[in-house]
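Please read the structure below before turning to the comments.
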Amino acid sequence: MSAAVEARPTAEPRPQLRGKPTKERHGFRTFEFALMAPALLVLGLLSLIPFVMLIAMSFSKVKTLGGVSLEFAGLDNWTAVLGDGSVWASWGRSLVYFSSIVILEMALGFVFAVILHNLLRGRSVMLSLVLLPMFLAPVMVGLLGRFMLDSTIGLYAQLMQALGLDTDVFAKTSTALPAVIMIDVWEWTPLVALIMLAGLTSVPPATLEAASVDGAGFLRRLFFIAVPQMMPVILVALLVRSMDAIRYYDIITATTNGGPADSTKIIPIRLYEMAFRFNNQIGRAAVVGLTMLVFSIVLANIFVKVFGEKGAAHVTNVAGDKH
Amino acid sequence: MNPLPNAFSRRTLLLGAGSTAALLALPACGGSSTETPTGNLSSGGDPWKQFSGTSINFISENTSPSAAIAANLAPFEKLTGIKVNVQQMDLDKVVEKCKLDFSSGTAQNHVIYADPFQVLAPLSEGLADLTPLIASKDYPPVEKGIEDFIPAQLQSLGRYLDEEKLFALPYDAPTMILHYRKDLFEKYGPKMKSDLGFDPTPGENTTWEQYFQMAEWFNQNAKSDVKYGIGCQAKQHDSLQCDFSNLLWAYGGDYFEKGQELGRLSSEDPGKVTVNSEAGVAAATFYKKLVKVAHPSSTTWDWTGLADAFVAGELAMCVNWHEFAAGEEKAFPGKIGYSVLPKGPVRRAHNFGGTGIGINANAKDKELGAAWLFVNWATSPETQLMSLGSKVGGGTPTRTSVYELPEVKAEVTKSPSKYPNIRTAPAVLEAWKEENIGLRPKVPQWVELDTIIFTELSKMLTQDGDPAATMAAMQDQMTKAMG
């Protein structure tokens with residue numbers, strides 16, 4: 001009785017979203033658009049103009065001294081960036097970095113969320129402790145990682161030495177990238193855990209109880225009842241961390257500065273170098289920025305398509321079953 | 001309902017954004033010769049007080065002299081009534097903020113820490129020419145004249161391409177010298193001498209090959225007192241280029257055809273990139289050999305990391321900036337020796353890392369005047385003496401007259417010294433001689449070249465790269481970067 005009643009509120013909004021768009025939703029000649037116009041204007045000022053500037057810069061030789069001036073350079077910046085092997089190498093490292101942190105943070109965040117969700121005592125205290133790292137500024141986390149792993153003064157380095165691992169993790173190309181990945185995972189897994197915990201908490205207990213009565217074990221309830229209902233929340237966590245991972249900068253700058261041997265020089269570090277360190281390379285930096293933007297949009301669309309549709313399909317199925 | 005009958009279309013919106021963007025991209029006005037604004041000079045008032053009540057910002061790398069000045073601004077504020085906000089940060093951030101400041105056409109920061117390679121050469125158009133300010137009768141004169149600045153430093157740090165213009169006054173003068181534990185050399189010296197067959201005490205006759213042999217000897221024979229003989233600042237960072245450059249020059253190589261001339265006034269045509277010379281490859285080969293016997297964490301250390309390890313007692317010797325002496329004296333009072341760098345096959349070369357302070361060309365009126373008074377005061381002999389003895393680190397004088405003060409001379413051999421950095425004076429004064437100084441090229445593309453140099457070296461050191469291939473790759477990329 002109650003399952004059908006509970007399923008209805010979550011199932012009903014979908015047909016509205018997936019229904020045929022009405023005419024009023026398109027175009028700018030609407031009352032709704034008039035209401036949104038001031039906000040859109042601010043948004044335009046903050047994002048559209050810089051975006052247009054970015055495109056213009058990518059086709060120009062940009063001089064900044066004495067005021068910004070653009071001199072048309074055709075496809076020079078694009079051919080220079082797209083023909084630069086070191087930029088592609090940075091993209092390769094970015095993909096390794098990106099996949100590693102997203103997979104690790106999603107998996108660990110989920111595990112922590114499940115543990116916290118099932119804690120009967122001290123949940124608030126544990127939650128507070130788990131969340132602590134994400135309240136630190138990333139650059140502070142980077143410095144903390146650098147000091148903890150410093151072979152002269154670092155606590156972790158000394159522990160590793162005591163265990164016979166006499167190595168400086170930032171000194172070797174094989175260990176530097178995993179080290180910065182772990183530092184990021186340490187900082188941001190709590191955020192994923194928090195989002196996942198919210199998702200787990202929102203799963204109706206009655207559904208889980210019903211599954212339990214039907215004989216479903218813990219893992220079955222978790223993966224076949226809870227996880228499918230958490231898809232929209234997982235999508236949020238995935239998008240938040242993915243977008244962050246693409247523009248990751250602080251921790252690497254504070255620890256390895258892109259080294260050794262470029263082994264941690266991911267694409268945002270290249271972008272920073274071109275835009276702020278090198279002379280007159282803002283046009284090339286704009287190209288890198290645009291490629292990062294395209295990558296982000298494509299990725300976000302894939303995630304929305306995969307996870308959004310899975311979540312919607314599950315909700316629809318559940319709703320159908322209940323009816 | 002249609003409340004917006006003539007609402008703009010999507011195309012209009014994008015067009016509008018594009019037009020606004022284009023408007024923002026219009027070039028700003030060009031610069032002209034520096035003004036010499038005057039403040040309240042009526043009735044023959046004190047010229048130091050004419051801009052009283054003005055506030056200015058000084059942006060600097062987090063170096064010893066700036067720490068000393070930031071900790072002791074009261075005399076300047078009392079003298080002038082001007083308030084100075086000192087912002088200290090890593091050099092990368094200083095450069096980034098200066099670029100943004102110069103580009104915006106504003107003067108968020110009025111006094112600029114003008115690193116000769118990263119600010120002066122690429123951004124000289126953003127700095128005011130100080131010559132009219134120095135010559136103006138409306139301001140207090142530069143005490144003892146600009147002739148009092150060490151001439152080589154004045155040219156290297158203050159001038160760029162044009163002999164008639166002066167963009168900065170020498171403010172600090174960190175120079176790479178050899179730091180070594182005297183106590184260890186006293187303890188192990190005789191044994192080392194008999195084992196190695198030469199007097200190991202670092203000095204004028206020490207060669208880079210001997211330095212390498214001493215490093216190996218410490219590694220094998222003094223583990224109870226020190227972990228490693230030497231450390232290097234071989235992180236993928238500017239420090240790696242600085243460390244390597246000493247060897248490149250000592251082996252007779254240089255980055256460009258015009259060599260050391262580019263570190264002085266510089267030239268619009270630096271000539272061909274020459275890093276892949278026979279001398280360059282020999283220097284890279286030796287540097288790789290040196291890092292192999294250095295502390296294994298060397299490839300993660302910049303100059304600060306190296307100094308920390310030295311102060312922690314992990315190293316018997318290291319090549320580092322002389323301004324770390326104050327901290328070393330605190331950790332090992334009287335036990336640290338300072339020497340010129342070892343000789344190479346061609347000469348000895350000490351990387352000079354001095355910096356001047358200049359004024360943002362966008363600064364106007366009383367802020368420009370106040371900024372000049374601050375630059376004048378901050379580089380004066382009295383302020384340099386104060387900075388030398390500061391409890392927060394201590395800078396290095398760039399004025400000849402300060403080194404000649406009897407009270408300063410008396411401190412050179414004392415330990416503990418009232419002016420700990422001055423204990424390095426014999427070594428740095430020797431290092432600054434024409435034949436011993438090592439100057440990087442002042443070319444606008446230097447930051448990019450620097451990145452190419454330290455990245456290729458980092459690959460060679462951590463991936464067991466071939467020195468010849470490394471220098472060839474460096475040459476190729478540097479040539480491309482120079483266009």
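How things are named: the first chain in the structure tokens is A, the next is B, and so on; residues count from 1 in each chain; ligands count from 1 in the order shown.
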
Applying 9 Å and only C-alpha atoms, which residues near A:Gly289 remain after dropping the ones on its own chain fewer than 3 positions away? List them as a count of residues only. 9

Residues at most 12 Å from B:Gln213, counting only C-alpha atoms, excluding those fewer than 3 positions away in the same chain, as an MDAnalysis selection string? chainID B and resid 192:193 195:200 206:210 216:220 229:230 289:290 293:294

For the selection just defined, write its residues with N, CA and C atoms to a file, as an mmCIF file, in the first residue's frame.
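What landed in again.cif:
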```
data_model
loop_
_atom_site.group_PDB
_atom_site.id
_atom_site.type_symbol
_atom_site.label_atom_id
_atom_site.label_comp_id
_atom_site.auth_asym_id
_atom_site.auth_seq_id
_atom_site.Cartn_x
_atom_site.Cartn_y
_atom_site.Cartn_z
ATOM 1 N N MET B 192 90.381 13.347 5.012
ATOM 2 C CA MET B 192 89.981 13.605 3.621
ATOM 3 C C MET B 192 91.204 13.941 2.779
ATOM 4 N N LYS B 193 92.065 14.775 3.375
ATOM 5 C CA LYS B 193 93.253 15.205 2.630
ATOM 6 C C LYS B 193 94.114 14.001 2.266
ATOM 7 N N ASP B 195 93.118 10.878 2.058
ATOM 8 C CA ASP B 195 92.390 9.982 1.131
ATOM 9 C C ASP B 195 92.295 10.550 -0.274
ATOM 10 N N LEU B 196 92.019 11.854 -0.343
ATOM 11 C CA LEU B 196 91.739 12.449 -1.661
ATOM 12 C C LEU B 196 92.978 13.064 -2.316
ATOM 13 N N GLY B 197 93.954 13.385 -1.514
ATOM 14 C CA GLY B 197 95.194 13.926 -2.074
ATOM 15 C C GLY B 197 95.169 15.419 -2.350
ATOM 16 N N PHE B 198 94.217 16.143 -1.777
ATOM 17 C CA PHE B 198 94.215 17.610 -1.898
ATOM 18 C C PHE B 198 93.603 18.203 -0.633
ATOM 19 N N ASP B 199 93.887 19.488 -0.412
ATOM 20 C CA ASP B 199 93.311 20.154 0.760
ATOM 21 C C ASP B 199 91.819 20.345 0.516
ATOM 22 N N PRO B 200 90.976 19.720 1.337
ATOM 23 C CA PRO B 200 89.540 19.770 1.024
ATOM 24 C C PRO B 200 88.853 21.084 1.416
ATOM 25 N N THR B 206 89.559 25.322 -5.056
ATOM 26 C CA THR B 206 88.701 24.136 -5.203
ATOM 27 C C THR B 206 88.105 24.090 -6.610
ATOM 28 N N THR B 207 88.076 22.887 -7.156
ATOM 29 C CA THR B 207 87.467 22.721 -8.489
ATOM 30 C C THR B 207 86.157 21.932 -8.340
ATOM 31 N N TRP B 208 85.333 21.982 -9.394
ATOM 32 C CA TRP B 208 84.069 21.239 -9.347
ATOM 33 C C TRP B 208 84.324 19.745 -9.226
ATOM 34 N N GLU B 209 85.382 19.254 -9.853
ATOM 35 C CA GLU B 209 85.686 17.839 -9.759
ATOM 36 C C GLU B 209 86.025 17.464 -8.310
ATOM 37 N N GLN B 210 86.768 18.360 -7.633
ATOM 38 C CA GLN B 210 87.100 18.107 -6.226
ATOM 39 C C GLN B 210 85.842 18.158 -5.351
ATOM 40 N N GLU B 216 81.302 12.596 -2.475
ATOM 41 C CA GLU B 216 81.354 11.133 -2.402
ATOM 42 C C GLU B 216 82.024 10.678 -1.107
ATOM 43 N N TRP B 217 83.086 11.375 -0.739
ATOM 44 C CA TRP B 217 83.839 11.001 0.461
ATOM 45 C C TRP B 217 82.946 11.118 1.709
ATOM 46 N N PHE B 218 82.228 12.208 1.807
ATOM 47 C CA PHE B 218 81.320 12.372 2.958
ATOM 48 C C PHE B 218 80.259 11.269 2.983
ATOM 49 N N ASN B 219 79.739 10.944 1.802
ATOM 50 C CA ASN B 219 78.714 9.893 1.733
ATOM 51 C C ASN B 219 79.227 8.571 2.297
ATOM 52 N N GLN B 220 80.513 8.325 2.044
ATOM 53 C CA GLN B 220 81.066 7.019 2.430
ATOM 54 C C GLN B 220 81.685 7.000 3.824
ATOM 55 N N GLY B 229 77.004 14.280 1.574
ATOM 56 C CA GLY B 229 78.023 15.311 1.371
ATOM 57 C C GLY B 229 77.428 16.602 0.829
ATOM 58 N N ILE B 230 76.585 16.443 -0.182
ATOM 59 C CA ILE B 230 75.993 17.643 -0.802
ATOM 60 C C ILE B 230 74.505 17.449 -1.080
ATOM 61 N N LYS B 289 76.173 13.858 -13.007
ATOM 62 C CA LYS B 289 77.051 13.056 -12.136
ATOM 63 C C LYS B 289 76.975 13.582 -10.695
ATOM 64 N N LEU B 290 76.934 14.910 -10.570
ATOM 65 C CA LEU B 290 76.904 15.546 -9.254
ATOM 66 C C LEU B 290 75.608 15.228 -8.512
ATOM 67 N N VAL B 293 75.291 11.853 -6.710
ATOM 68 C CA VAL B 293 75.879 11.631 -5.381
ATOM 69 C C VAL B 293 75.275 12.576 -4.339
ATOM 70 N N ALA B 294 74.362 13.421 -4.774
ATOM 71 C CA ALA B 294 73.732 14.360 -3.840
ATOM 72 C C ALA B 294 72.613 13.671 -3.070
#
```

Can you tell me which residues surround A:Val227 at a distance of at most 9 Å, considering only C-alpha atoms, apart from same-chain residues fewer than 4 positions away, and format the answer as JSON, numbers by chain? {"A": [199, 200, 203, 221, 222, 223, 231, 234]}

Which of A:Gln229, A:Ala261, A:Ile101, A:Gly74 sits closest to A:Ser242 [using only C-alpha atoms]: A:Ile101

List the spatial neighbours of A:Ala198 as a JSON list (two decimals) with N, CA and C atoms, in the first residue's frame - criterion: any atom at most 10 Å away, only C-alpha atoms, same-chain residues fewer than 6 positions off excluded.
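The result, stored in result_11.json:
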```json
[["chain", "number", "residue", "atom", "x", "y", "z"],
["A", 113, "ALA", "N", 30.16, 6.89, 2.78],
["A", 113, "ALA", "CA", 28.75, 7.26, 2.98],
["A", 113, "ALA", "C", 27.97, 6.07, 3.54],
["A", 117, "HIS", "N", 26.22, 6.03, 7.04],
["A", 117, "HIS", "CA", 24.78, 5.84, 7.06],
["A", 117, "HIS", "C", 24.37, 4.71, 8.00],
["A", 192, "VAL", "N", 32.36, 14.03, -1.67],
["A", 192, "VAL", "CA", 31.58, 12.99, -2.37],
["A", 192, "VAL", "C", 30.80, 12.18, -1.34],
["A", 230, "MET", "N", 19.77, 6.56, -6.21],
["A", 230, "MET", "CA", 20.74, 7.64, -5.93],
["A", 230, "MET", "C", 21.36, 8.23, -7.20],
["A", 233, "VAL", "N", 21.86, 11.91, -7.56],
["A", 233, "VAL", "CA", 22.84, 12.42, -6.60],
["A", 233, "VAL", "C", 24.25, 12.04, -7.03]]
```

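Ranking B:Gly105, B:Gly327, B:Gly483, B:Gly53 by their shortest atom-to-atom distance to B:Lys272, with only C-alpha atoms included, puts B:Gly483 first.
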